[in-house]
$ cat start-v9.tsv   # TSV, C-alpha atoms
chain	number	residue	atom	x	y	z
A	1	MET	CA	7.13	15.62	1.54
A	2	LYS	CA	5.59	14.68	-1.76
A	3	LYS	CA	8.85	15.29	-3.55
A	4	SER	CA	10.89	13.28	-1.09
A	5	GLY	CA	8.29	10.52	-1.50
A	6	ILE	CA	8.83	10.54	-5.23
A	7	LEU	CA	12.56	10.57	-4.68
A	8	LEU	CA	12.33	7.66	-2.30
A	9	SER	CA	10.19	5.65	-4.70
A	10	ILE	CA	12.68	6.29	-7.50
A	11	MET	CA	15.49	5.13	-5.24
A	12	LEU	CA	13.60	2.03	-4.12
A	13	PHE	CA	12.73	1.25	-7.72
A	14	ALA	CA	16.39	1.56	-8.70
A	15	VAL	CA	17.49	-0.74	-5.89
A	16	ALA	CA	14.74	-3.27	-6.66
A	17	THR	CA	15.62	-3.26	-10.35
A	18	MET	CA	19.26	-3.95	-9.64
A	19	ALA	CA	18.65	-6.69	-7.11
A	20	GLN	CA	16.49	-8.88	-9.38
A	21	GLY	CA	17.68	-12.08	-10.97
A	22	TYR	CA	19.93	-14.99	-10.13
A	23	GLN	CA	22.80	-14.65	-7.71
A	24	VAL	CA	25.77	-16.99	-7.67
A	25	GLY	CA	24.64	-20.33	-6.22
A	26	ASP	CA	21.01	-19.96	-7.27
A	27	LYS	CA	19.20	-22.80	-9.01
A	28	VAL	CA	18.59	-22.10	-12.70
A	29	LYS	CA	15.30	-22.85	-14.40
A	30	ASP	CA	15.53	-24.28	-17.93
A	31	PHE	CA	14.30	-22.35	-20.96
A	32	ARG	CA	13.03	-23.28	-24.40
A	33	LEU	CA	14.02	-20.71	-27.00
A	34	LEU	CA	14.06	-20.59	-30.79
A	35	ASN	CA	17.49	-21.01	-32.37
A	36	VAL	CA	18.61	-19.46	-35.66
A	37	ASP	CA	18.44	-22.95	-37.24
A	38	GLY	CA	14.68	-23.07	-36.61
A	39	ASN	CA	14.82	-25.54	-33.72
A	40	TYR	CA	14.06	-24.87	-30.08
A	41	VAL	CA	16.93	-25.17	-27.59
A	42	SER	CA	16.75	-26.11	-23.92
A	43	MET	CA	19.51	-26.99	-21.50
A	44	ALA	CA	17.73	-30.34	-21.08
A	45	ASP	CA	18.77	-31.12	-24.67
A	46	TYR	CA	22.33	-31.57	-23.38
A	47	PRO	CA	22.13	-34.45	-20.87
A	48	ASP	CA	25.91	-34.86	-20.85
A	49	ALA	CA	26.76	-31.21	-20.29
A	50	LYS	CA	28.57	-30.39	-17.06
A	51	GLY	CA	27.38	-26.85	-17.38
A	52	PHE	CA	26.65	-24.03	-19.80
A	53	ILE	CA	28.17	-20.74	-20.81
A	54	ILE	CA	25.02	-18.65	-21.18
A	55	ILE	CA	25.85	-15.39	-22.93
A	56	PHE	CA	23.19	-12.72	-23.30
A	57	SER	CA	24.20	-11.37	-26.67
A	58	CYS	CA	22.89	-9.56	-29.70
A	59	ASN	CA	23.84	-8.23	-33.12
A	60	HIS	CA	24.01	-4.48	-32.76
A	61	CYS	CA	26.15	-3.88	-29.69
A	62	PRO	CA	29.79	-2.96	-30.44
A	63	PHE	CA	30.89	-4.63	-27.20
A	64	VAL	CA	29.31	-7.89	-28.36
A	65	VAL	CA	30.89	-7.57	-31.79
A	66	ALA	CA	34.28	-7.12	-30.08
A	67	TYR	CA	33.70	-10.43	-28.29
A	68	GLU	CA	32.19	-12.59	-31.07
A	69	ASP	CA	35.44	-14.26	-32.04
A	70	ARG	CA	36.23	-14.92	-28.39
A	71	MET	CA	32.75	-16.44	-27.91
A	72	ILE	CA	33.49	-18.84	-30.79
A	73	GLU	CA	36.87	-19.74	-29.26
A	74	LEU	CA	35.27	-20.32	-25.86
A	75	HIS	CA	32.73	-22.72	-27.35
A	76	ASN	CA	35.34	-24.57	-29.40
A	77	ARG	CA	37.53	-24.93	-26.33
A	78	PHE	CA	34.97	-25.69	-23.63
A	79	ALA	CA	32.10	-27.51	-25.42
A	80	PRO	CA	34.29	-30.65	-25.73
A	81	GLN	CA	34.93	-30.33	-21.98
A	82	GLY	CA	31.18	-30.29	-21.29
A	83	PHE	CA	30.55	-26.52	-21.20
A	84	PRO	CA	28.89	-25.40	-24.45
A	85	VAL	CA	28.02	-21.78	-25.20
A	86	ILE	CA	24.37	-20.82	-25.64
A	87	ALA	CA	23.97	-17.23	-26.85
A	88	ILE	CA	20.62	-15.62	-26.06
A	89	ASN	CA	19.41	-12.43	-27.70
A	90	PRO	CA	17.25	-10.73	-25.03
A	91	ASN	CA	16.42	-7.58	-26.99
A	92	ASP	CA	12.99	-6.60	-28.20
A	93	THR	CA	13.26	-6.69	-31.96
A	94	ILE	CA	10.84	-3.81	-32.50
A	95	ALA	CA	12.86	-1.62	-30.15
A	96	GLU	CA	16.08	-2.76	-31.85
A	97	PRO	CA	15.39	-4.02	-35.40
A	98	ARG	CA	19.09	-4.78	-35.95
A	99	ASP	CA	18.57	-7.66	-33.51
A	100	SER	CA	15.65	-9.19	-35.42
A	101	PHE	CA	15.52	-12.97	-35.81
A	102	THR	CA	16.38	-12.66	-39.51
A	103	ASN	CA	19.38	-10.49	-38.69
A	104	MET	CA	20.43	-13.00	-36.04
A	105	GLN	CA	20.34	-15.74	-38.68
A	106	ILE	CA	22.43	-13.58	-41.03
A	107	ARG	CA	25.02	-12.82	-38.33
A	108	ALA	CA	25.22	-16.45	-37.19
A	109	ARG	CA	25.89	-17.50	-40.79
A	110	GLU	CA	28.45	-14.73	-41.42
A	111	LYS	CA	30.42	-15.60	-38.30
A	112	GLY	CA	29.80	-19.36	-38.51
A	113	PHE	CA	28.64	-19.54	-34.88
A	114	PRO	CA	29.29	-23.12	-33.71
A	115	PHE	CA	26.84	-22.60	-30.81
A	116	PRO	CA	23.07	-21.97	-30.66
A	117	TYR	CA	22.05	-18.33	-31.00
A	118	VAL	CA	18.51	-18.20	-29.62
A	119	ILE	CA	15.99	-15.45	-29.11
A	120	ASP	CA	14.24	-14.60	-25.84
A	121	ALA	CA	11.23	-13.56	-27.91
A	122	ASP	CA	8.81	-12.87	-25.06
A	123	GLN	CA	11.59	-11.44	-22.84
A	124	THR	CA	10.88	-13.77	-19.93
A	125	VAL	CA	14.27	-15.47	-19.66
A	126	TYR	CA	16.64	-12.53	-19.26
A	127	PRO	CA	14.79	-11.02	-16.25
A	128	ARG	CA	14.92	-14.41	-14.53
A	129	PHE	CA	18.68	-14.42	-14.93
A	130	GLY	CA	18.91	-10.75	-14.07
A	131	ALA	CA	20.83	-9.97	-17.24
A	132	THR	CA	21.07	-6.21	-17.72
A	133	HIS	CA	23.27	-5.77	-20.77
A	134	THR	CA	24.95	-7.50	-23.66
A	135	PRO	CA	27.37	-9.23	-23.47
A	136	HIS	CA	26.46	-10.54	-20.00
A	137	VAL	CA	27.69	-14.02	-19.08
A	138	PHE	CA	26.19	-16.56	-16.68
A	139	LEU	CA	28.25	-19.69	-16.12
A	140	VAL	CA	25.93	-22.49	-15.06
A	141	LYS	CA	27.16	-25.73	-13.52
A	142	ARG	CA	25.43	-29.05	-13.00
A	143	ASP	CA	24.84	-29.88	-9.35
A	144	GLY	CA	23.24	-33.33	-9.20
A	145	GLU	CA	19.81	-32.92	-10.74
A	146	ASP	CA	20.04	-29.15	-10.60
A	147	LEU	CA	21.74	-26.43	-12.58
A	148	ARG	CA	23.22	-23.59	-10.55
A	149	VAL	CA	24.85	-20.26	-11.31
A	150	ALA	CA	28.60	-20.42	-10.72
A	151	TYR	CA	29.79	-17.13	-12.17
A	152	ILE	CA	28.23	-13.90	-13.46
A	153	GLY	CA	29.79	-11.13	-15.47
A	154	ALA	CA	32.42	-10.54	-18.12
A	155	ILE	CA	34.33	-12.87	-20.46
A	156	ASP	CA	37.63	-11.20	-19.63
A	157	ASP	CA	39.07	-7.84	-18.63
A	158	ASN	CA	39.67	-6.22	-22.01
A	159	HIS	CA	36.84	-5.81	-24.48
A	160	ARG	CA	38.92	-3.90	-26.97
A	161	ASP	CA	41.94	-6.11	-27.46
A	162	ALA	CA	41.93	-9.89	-26.98
A	163	ASN	CA	45.73	-9.83	-27.02
A	164	ALA	CA	45.91	-7.37	-24.13
A	165	VAL	CA	43.73	-9.46	-21.80
A	166	GLU	CA	45.25	-10.00	-18.35
A	167	ASP	CA	42.40	-11.76	-16.54
A	168	ARG	CA	40.38	-14.44	-18.31
A	169	PHE	CA	37.54	-14.28	-15.79
A	170	LEU	CA	35.22	-16.77	-17.50
A	171	ALA	CA	37.88	-19.33	-18.50
A	172	ASN	CA	39.27	-19.16	-14.94
A	173	ALA	CA	35.77	-19.63	-13.53
A	174	ILE	CA	35.22	-22.73	-15.68
A	175	ALA	CA	38.58	-24.12	-14.57
A	176	ALA	CA	37.59	-23.52	-10.91
A	177	VAL	CA	34.28	-25.36	-11.45
A	178	GLN	CA	36.15	-28.22	-13.11
A	179	ARG	CA	38.40	-28.48	-10.03
A	180	GLY	CA	35.31	-28.47	-7.80
A	181	GLU	CA	36.14	-25.03	-6.44
A	182	LYS	CA	34.20	-21.79	-6.29
A	183	PRO	CA	35.21	-19.23	-8.92
A	184	ASP	CA	37.04	-16.20	-7.56
A	185	PRO	CA	35.98	-13.63	-8.57
A	186	ALA	CA	32.47	-15.07	-8.92
A	187	VAL	CA	31.06	-11.75	-10.16
A	188	THR	CA	32.76	-9.28	-12.50
A	189	ARG	CA	31.64	-6.17	-14.32
A	190	ALA	CA	31.95	-4.91	-17.88
A	191	ILE	CA	30.39	-2.11	-19.87
A	192	GLY	CA	27.68	-3.27	-22.24
A	193	CYS	CA	24.57	-2.28	-24.16
A	194	THR	CA	21.48	-2.15	-22.02
A	195	ILE	CA	18.82	-4.74	-22.88
A	196	LYS	CA	16.19	-3.16	-25.13
A	197	THR	CA	12.51	-3.30	-24.21
A	198	ARG	CA	9.45	-1.71	-25.74
A	199	ASN	CA	8.28	1.24	-23.65
B	1	MET	CA	47.56	52.64	-48.15
B	2	ALA	CA	50.20	50.31	-46.78
B	3	LYS	CA	48.97	51.12	-43.28
B	4	LEU	CA	45.41	50.38	-44.28
B	5	LEU	CA	46.50	47.12	-45.84
B	6	SER	CA	48.38	46.07	-42.72
B	7	ILE	CA	45.35	46.84	-40.57
B	8	PHE	CA	43.22	44.84	-42.98
B	9	ILE	CA	45.62	41.89	-42.78
B	10	GLY	CA	45.85	42.28	-39.00
B	11	VAL	CA	42.09	42.19	-38.60
B	12	ASN	CA	41.90	39.18	-40.86
B	13	ILE	CA	44.55	37.36	-38.87
B	14	PHE	CA	42.60	38.20	-35.71
B	15	PHE	CA	39.42	36.69	-37.07
B	16	LEU	CA	41.23	33.70	-38.47
B	17	THR	CA	42.88	33.05	-35.11
B	18	ALA	CA	39.60	33.48	-33.29
B	19	GLN	CA	37.96	31.06	-35.66
B	20	LEU	CA	40.74	28.51	-35.26
B	21	THR	CA	40.55	28.74	-31.48
B	22	PHE	CA	36.82	28.17	-31.64
B	23	ALA	CA	37.26	25.29	-34.06
B	24	ASP	CA	39.90	23.75	-31.78
B	25	ASP	CA	37.50	23.64	-28.85
B	26	LYS	CA	34.83	21.93	-30.90
B	27	ASN	CA	37.30	19.50	-32.40
B	28	GLN	CA	38.88	18.27	-29.23
B	29	LEU	CA	37.77	15.86	-26.60
B	30	THR	CA	39.47	15.32	-23.26
B	31	VAL	CA	40.46	11.66	-22.95
B	32	ILE	CA	41.28	10.37	-19.46
B	33	ASN	CA	41.71	7.08	-17.64
B	34	PHE	CA	39.76	6.15	-14.52
B	35	ASP	CA	42.34	7.37	-12.02
B	36	GLU	CA	42.24	10.77	-13.68
B	37	PHE	CA	38.44	10.68	-13.78
B	38	GLU	CA	37.77	9.51	-10.22
B	39	PRO	CA	38.03	12.99	-8.58
B	40	TRP	CA	34.95	13.96	-10.61
B	41	LEU	CA	32.96	11.52	-8.46
B	42	TYR	CA	33.89	13.26	-5.20
B	43	LYS	CA	33.86	17.01	-5.73
B	44	GLU	CA	33.72	18.92	-2.45
B	45	THR	CA	31.28	21.59	-3.47
B	46	ASP	CA	27.79	22.93	-2.97
B	47	SER	CA	26.96	22.13	-6.60
B	48	ILE	CA	24.83	19.23	-7.78
B	49	TYR	CA	26.81	16.96	-10.07
B	50	ILE	CA	25.03	14.90	-12.71
B	51	ILE	CA	27.42	12.48	-14.35
B	52	ASN	CA	25.99	10.57	-17.29
B	53	PHE	CA	27.75	7.54	-18.78
B	54	TRP	CA	26.92	7.15	-22.45
B	55	ALA	CA	28.20	6.21	-25.89
B	56	THR	CA	27.28	7.23	-29.42
B	57	TRP	CA	26.36	3.62	-30.24
B	58	CYS	CA	23.97	3.37	-27.29
B	59	ALA	CA	20.51	4.26	-28.62
B	60	PRO	CA	18.82	4.88	-25.24
B	61	CYS	CA	21.78	7.07	-24.23
B	62	VAL	CA	21.45	9.14	-27.38
B	63	LYS	CA	17.73	9.48	-26.72
B	64	GLU	CA	18.19	10.96	-23.25
B	65	ILE	CA	21.06	13.36	-24.07
B	66	PRO	CA	18.69	16.23	-24.95
B	67	TYR	CA	17.03	15.88	-21.53
B	68	PHE	CA	20.37	16.25	-19.75
B	69	GLU	CA	21.21	19.17	-22.04
B	70	LYS	CA	17.89	20.82	-21.20
B	71	LEU	CA	18.56	20.29	-17.51
B	72	TYR	CA	21.96	21.91	-17.93
B	73	GLU	CA	20.44	24.80	-19.85
B	74	ASN	CA	17.70	25.40	-17.26
B	75	TYR	CA	19.70	24.89	-14.07
B	76	ASN	CA	23.37	25.61	-14.67
B	77	ASP	CA	22.91	29.04	-13.10
B	78	GLN	CA	21.69	27.20	-9.97
B	79	LYS	CA	24.88	25.23	-9.46
B	80	VAL	CA	23.82	22.17	-11.43
B	81	LYS	CA	26.78	20.65	-13.27
B	82	VAL	CA	26.29	18.10	-16.04
B	83	LEU	CA	29.19	15.95	-17.20
B	84	PHE	CA	28.84	13.52	-20.10
B	85	VAL	CA	31.29	10.62	-19.85
B	86	SER	CA	31.63	8.91	-23.20
B	87	LEU	CA	32.56	5.23	-23.22
B	88	ASP	CA	33.08	5.18	-26.97
B	89	PHE	CA	36.12	3.49	-28.45
B	90	PRO	CA	39.04	5.96	-28.63
B	91	ALA	CA	39.68	4.91	-32.24
B	92	GLN	CA	36.34	6.50	-33.14
B	93	ILE	CA	36.88	9.91	-31.52
B	94	GLU	CA	37.57	11.71	-34.79
B	95	SER	CA	35.24	9.71	-36.99
B	96	ARG	CA	32.28	9.41	-34.68
B	97	VAL	CA	32.33	11.03	-31.25
B	98	ILE	CA	33.37	14.60	-32.13
B	99	PRO	CA	31.01	14.78	-35.13
B	100	PHE	CA	28.23	13.52	-32.84
B	101	ILE	CA	28.94	16.17	-30.17
B	102	GLN	CA	28.88	18.84	-32.88
B	103	ARG	CA	25.72	17.53	-34.52
B	104	MET	CA	23.88	17.38	-31.17
B	105	ASN	CA	25.34	20.78	-30.28
B	106	MET	CA	26.14	19.48	-26.80
B	107	GLN	CA	26.84	22.39	-24.45
B	108	ALA	CA	27.59	20.57	-21.20
B	109	GLN	CA	31.11	19.24	-20.74
B	110	VAL	CA	32.01	15.95	-22.45
B	111	ILE	CA	34.98	13.75	-21.66
B	112	LEU	CA	35.94	10.31	-22.93
B	113	LEU	CA	36.85	7.68	-20.35
B	114	ASP	CA	39.47	5.43	-21.90
B	115	ASP	CA	40.04	2.59	-19.48
B	116	THR	CA	39.58	-1.01	-20.56
B	117	ARG	CA	39.82	-2.49	-17.05
B	118	ALA	CA	36.12	-2.01	-16.48
B	119	ASN	CA	35.87	-4.68	-13.80
B	120	ARG	CA	38.26	-2.62	-11.73
B	121	TRP	CA	36.60	0.76	-12.16
B	122	ILE	CA	32.85	0.04	-12.51
B	123	PRO	CA	32.45	-0.79	-8.79
B	124	ARG	CA	34.40	2.36	-7.94
B	125	VAL	CA	31.63	4.39	-9.61
B	126	ASP	CA	28.93	2.39	-7.84
B	127	GLU	CA	28.88	-1.05	-6.24
B	128	ASN	CA	25.49	-1.86	-7.82
B	129	TRP	CA	26.39	-0.93	-11.40
B	130	THR	CA	26.44	-4.05	-13.59
B	131	GLY	CA	27.95	-2.11	-16.48
B	132	ALA	CA	24.86	-1.41	-18.57
B	133	ILE	CA	24.57	2.06	-20.07
B	134	PRO	CA	22.95	4.54	-19.89
B	135	ALA	CA	23.86	5.08	-16.25
B	136	THR	CA	23.86	8.27	-14.22
B	137	LEU	CA	25.31	9.39	-10.91
B	138	VAL	CA	23.73	12.34	-9.11
B	139	TYR	CA	25.39	13.78	-6.02
B	140	ASN	CA	26.00	16.81	-3.90
B	141	ASN	CA	27.32	17.23	-0.37
B	142	GLU	CA	24.29	15.54	1.18
B	143	PHE	CA	22.93	13.25	-1.50
B	144	ARG	CA	24.39	10.50	-3.63
B	145	GLN	CA	22.43	8.15	-5.89
B	146	PHE	CA	23.41	5.98	-8.83
B	147	TYR	CA	20.85	5.11	-11.50
B	148	GLN	CA	21.29	2.28	-13.99
B	149	ARG	CA	18.37	3.32	-16.16
B	150	GLU	CA	17.05	5.73	-18.76
B	151	PHE	CA	15.58	9.12	-17.89
B	152	ASN	CA	13.19	11.59	-19.40
B	153	TYR	CA	13.36	15.29	-18.54
B	154	GLU	CA	10.62	15.25	-15.89
B	155	GLU	CA	12.27	12.38	-14.05
B	156	LEU	CA	15.57	14.25	-13.96
B	157	GLU	CA	13.88	17.37	-12.62
B	158	GLU	CA	12.16	15.32	-9.92
B	159	ILE	CA	15.56	14.25	-8.68
B	160	ILE	CA	17.30	17.60	-8.68
B	161	ILE	CA	14.54	20.00	-7.58
B	162	PRO	CA	14.51	18.71	-3.97
B	163	LEU	CA	18.31	19.17	-3.96
B	164	LEU	CA	18.16	22.81	-5.01
B	165	LYS	CA	18.40	25.08	-2.04

$ encode --input "start-v9.tsv" --output "C-alpha cells"
Amino acid sequence: MKKSGILLSIMLFAVATMAQGYQVGDKVKDFRLLNVDGNYVSMADYPDAKGFIIIFSCNHCPFVVAYEDRMIELHNRFAPQGFPVIAINPNDTIAEPRDSFTNMQIRAREKGFPFPYVIDADQTVYPRFGATHTPHVFLVKRDGEDLRVAYIGAIDDNHRDANAVEDRFLANAIAAVQRGEKPDPAVTRAIGCTIKTRN
Amino acid sequence: MAKLLSIFIGVNIFFLTAQLTFADDKNQLTVINFDEFEPWLYKETDSIYIINFWATWCAPCVKEIPYFEKLYENYNDQKVKVLFVSLDFPAQIESRVIPFIQRMNMQAQVILLDDTRANRWIPRVDENWTGAIPATLVYNNEFRQFYQREFNYEELEEIIIPLLK
C-alpha cells in the first residue's frame, strides 16, 4: 500500500508537471528581463507588434545551435511584419555555466543576433509559459489589449538540416495568424535540452 | 617444430580473432529509425522494460546513466530490461557516442534513434512528452508510465519494486 502510494504520487507529480503552463489560447502575462545589451526587455516595449516569437533558448544545447541561423532568419523575415523574435535563456547559470549572462553576450555578438537575447534570471518566466526544453517556441499574438498564445512547439520538422525541412511549423503558424486563422497544427514536438535548475 | 609453429600461429590467430570480435561489439552501435524502434515500446512479455532517452550532450542524462546501469546490474536477473536510446547526432557516433559508451562502460543495450521527424514520433512514444530529455518509459504487461524528468537510483527502484513479482 505504501509503495503504491509512492508510485501514485510519482505519477501524479509527473502529470502535474507536464500540465503546467500556457495552453494555446491562453492570455500571456508580460515579462521584464535583462537583455545582453544591458537593457531590460518587455513585450510592452513593442506597441506596434502584432505578436512575438518567444523562443526559450540557450548557448549550450546542440539543438539550439542547430537552429540559431534559422532563428536569425525568422526575425529578419517576420520582425518587419510585426512578429519579432525574443530569445529567453531559462537556464540556471550555476547549474549550466555555459549559459551564463557573459557567455550569452559572447554568443549574441559572435552570431550577430538581431533580436533580444534575455535571461530569465530568477526562473519565473519559463514555468509560466510551461517551457520544458530549449529550443521551445511560443508564438504570441495580439488580441485587442491582450496577448495570447497561438502556437507552441518546434520551429520546423528537421533540426539537423534546414535544407531538408518539409514542414515549417512556426512560419506556417505565423501565416495562419496573419490570415486571422488558427494555426494547424497549433502544438508540435521536438527533442531539446531540458531546462536546467539548481537542485 | 613446424607443427609447433603452426599451432602457435593458430592459437595467435584465435586470440586475434576473439579480440577483433570483442572490439567489433564495443565499436558498433545499432542505428534505427522510429518505425524500426517502435516495437521496443510494445513488447509482449513478462519483463519490465525501462527505456531511457538520452544524449551525450545532455548533462542531466549523463548524470543519471549510472543509476540505470546499477538498476540493470541489480535486477536484470529478475526480468528487468534497460534500453538506452541515444538521440545524439549520427555524425558524432564515431567521435563521441561510442567513446562515451566505452568510457562509461555501459552494459545495458544502447541504440541510436536516427529520425529527424520528431514531431511525428514523439507523441507515438507518449502523448504528454514535450521533447525534453532525459525522458524514460517504464512498462510491463500491466503497467505503463512515461516520465519526462530526471531520476536517482532510489526513485527508479521505487518504480520497479512494486512491479517485480

$ residues_around --input "start-v9.tsv" --residues "range 151-158 of chain B" --least-positions-apart "3" --cutoff "7 Å" --atoms "only C-alpha atoms" --output "MDAnalysis selection string"
chainID B and resid 64 67 161

$ write_last_selection --input "start-v9.tsv" --atoms "C-alpha atoms" --output "PDB file, in the frame of the given file"
ATOM      1  CA  GLU B  64      18.190  10.960 -23.250  1.00  0.00           C
ATOM      2  CA  TYR B  67      17.030  15.880 -21.530  1.00  0.00           C
ATOM      3  CA  ILE B 161      14.540  20.000  -7.580  1.00  0.00           C
TER       4      ILE B 161
END

$ residues_near_point --input "start-v9.tsv" --point "(24.4, 7.9, -6.7)" --cutoff "12 Å" --atoms "only C-alpha atoms" --output "ChimeraX atom specification"
/A:10-11,14-15 /B:41-42,48-52,124-129,135-148,159

$ atom_distance --input "start-v9.tsv" --atom1 "CA of Cys58 in chain A" --atom2 "CA of Ala132 in chain B"
13.9 Å

$ residues_around --input "start-v9.tsv" --residues "range 68-74 of chain A" --least-positions-apart "2" --cutoff "9 Å" --atoms "all atoms listed in the file" --output "JSON, numbers by chain"
{"A": [53, 55, 63, 64, 65, 66, 76, 77, 78, 79, 84, 85, 87, 111, 112, 113, 114, 115, 155, 162, 171]}

$ residues_near_point --input "start-v9.tsv" --point "(27.6, 17.6, -21.7)" --cutoff "6 Å" --atoms "all atoms listed in the file" --output "compact mmCIF listing (two decimals) with C-alpha atoms, keeping the file's coordinate frame"
# COMPACT_ATOMS: atom_id res chain seq x y z
CA VAL B 82 26.29 18.10 -16.04
CA LEU B 83 29.19 15.95 -17.20
CA PHE B 84 28.84 13.52 -20.10
CA MET B 106 26.14 19.48 -26.80
CA GLN B 107 26.84 22.39 -24.45
CA ALA B 108 27.59 20.57 -21.20
CA GLN B 109 31.11 19.24 -20.74
CA VAL B 110 32.01 15.95 -22.45

$ closest_atom_pairs --input "start-v9.tsv" --of "chain B" --to "chain A" --cutoff "7 Å" --atoms "only C-alpha atoms" --output "tab-separated table"
residue	atom	partner	partner_atom	distance
B:Cys58	CA	A:Cys193	CA	6.5
B:Thr116	CA	A:Asn158	CA	5.4
B:Arg117	CA	A:Asp157	CA	5.6
B:Ala118	CA	A:Ala190	CA	5.3
B:Asn119	CA	A:Arg189	CA	4.5
B:Ile122	CA	A:Arg189	CA	6.6
B:Asn128	CA	A:Met18	CA	6.8
B:Thr130	CA	A:Arg189	CA	5.7
B:Gly131	CA	A:Ile191	CA	4.2
B:Ala132	CA	A:Thr194	CA	4.9
B:Ile133	CA	A:Thr194	CA	5.6
B:Tyr147	CA	A:Ala14	CA	6.4
B:Ile159	CA	A:Leu7	CA	6.2
B:Pro162	CA	A:Lys3	CA	6.6

$ closest_residue --input "start-v9.tsv" --among "A:Asn35, A:Gln23, A:Asn89, A:Gln81" --to "Val177 in chain A" --atoms "all atoms listed in the file"
A:Gln81

$ closest_residue --input "start-v9.tsv" --among "B:Asn33, B:Glu69, B:Ala55, B:Leu113" --to "Arg96 in chain B" --atoms "all atoms listed in the file"
B:Ala55

$ atom_distance --input "start-v9.tsv" --atom1 "CA of Asn59 in chain A" --atom2 "CA of Glu150 in chain B"
21.1 Å

$ closest_residue --input "start-v9.tsv" --among "A:Arg198, A:Arg148, A:Lys182, A:Leu170" --to "Lys27 in chain A" --atoms "only C-alpha atoms"
A:Arg148

$ closest_residue --input "start-v9.tsv" --among "A:Thr197, A:Ser57, A:Ser42, A:Thr102" --to "Asp122 in chain A" --atoms "all atoms listed in the file"
A:Thr197

$ atom_distance --input "start-v9.tsv" --atom1 "CA of Leu33 in chain A" --atom2 "CA of Val118 in chain A"
5.8 Å

$ residues_around --input "start-v9.tsv" --residues "range 86-94 of chain B" --least-positions-apart "5" --cutoff "8 Å" --atoms "all atoms listed in the file" --output "list in words"
Leu29, Phe53, Trp54, Ala55, Thr56, Trp57, Pro99, Val110, Ile111, Leu112, Leu113 and Asp114 of chain B

$ axis_aligned_box --input "start-v9.tsv" --around "range 41-47 of chain A" --padding-each-side "5 Å" --output "JSON"
{"center_x": 19.5, "center_y": -29.8, "center_z": -24.2, "size_x": 15.6, "size_y": 19.3, "size_z": 16.7}

$ closest_residue --input "start-v9.tsv" --among "B:Ile98, B:Met104, B:Val31, B:Ile160" --to "Pro66 in chain B" --atoms "only C-alpha atoms"
B:Met104
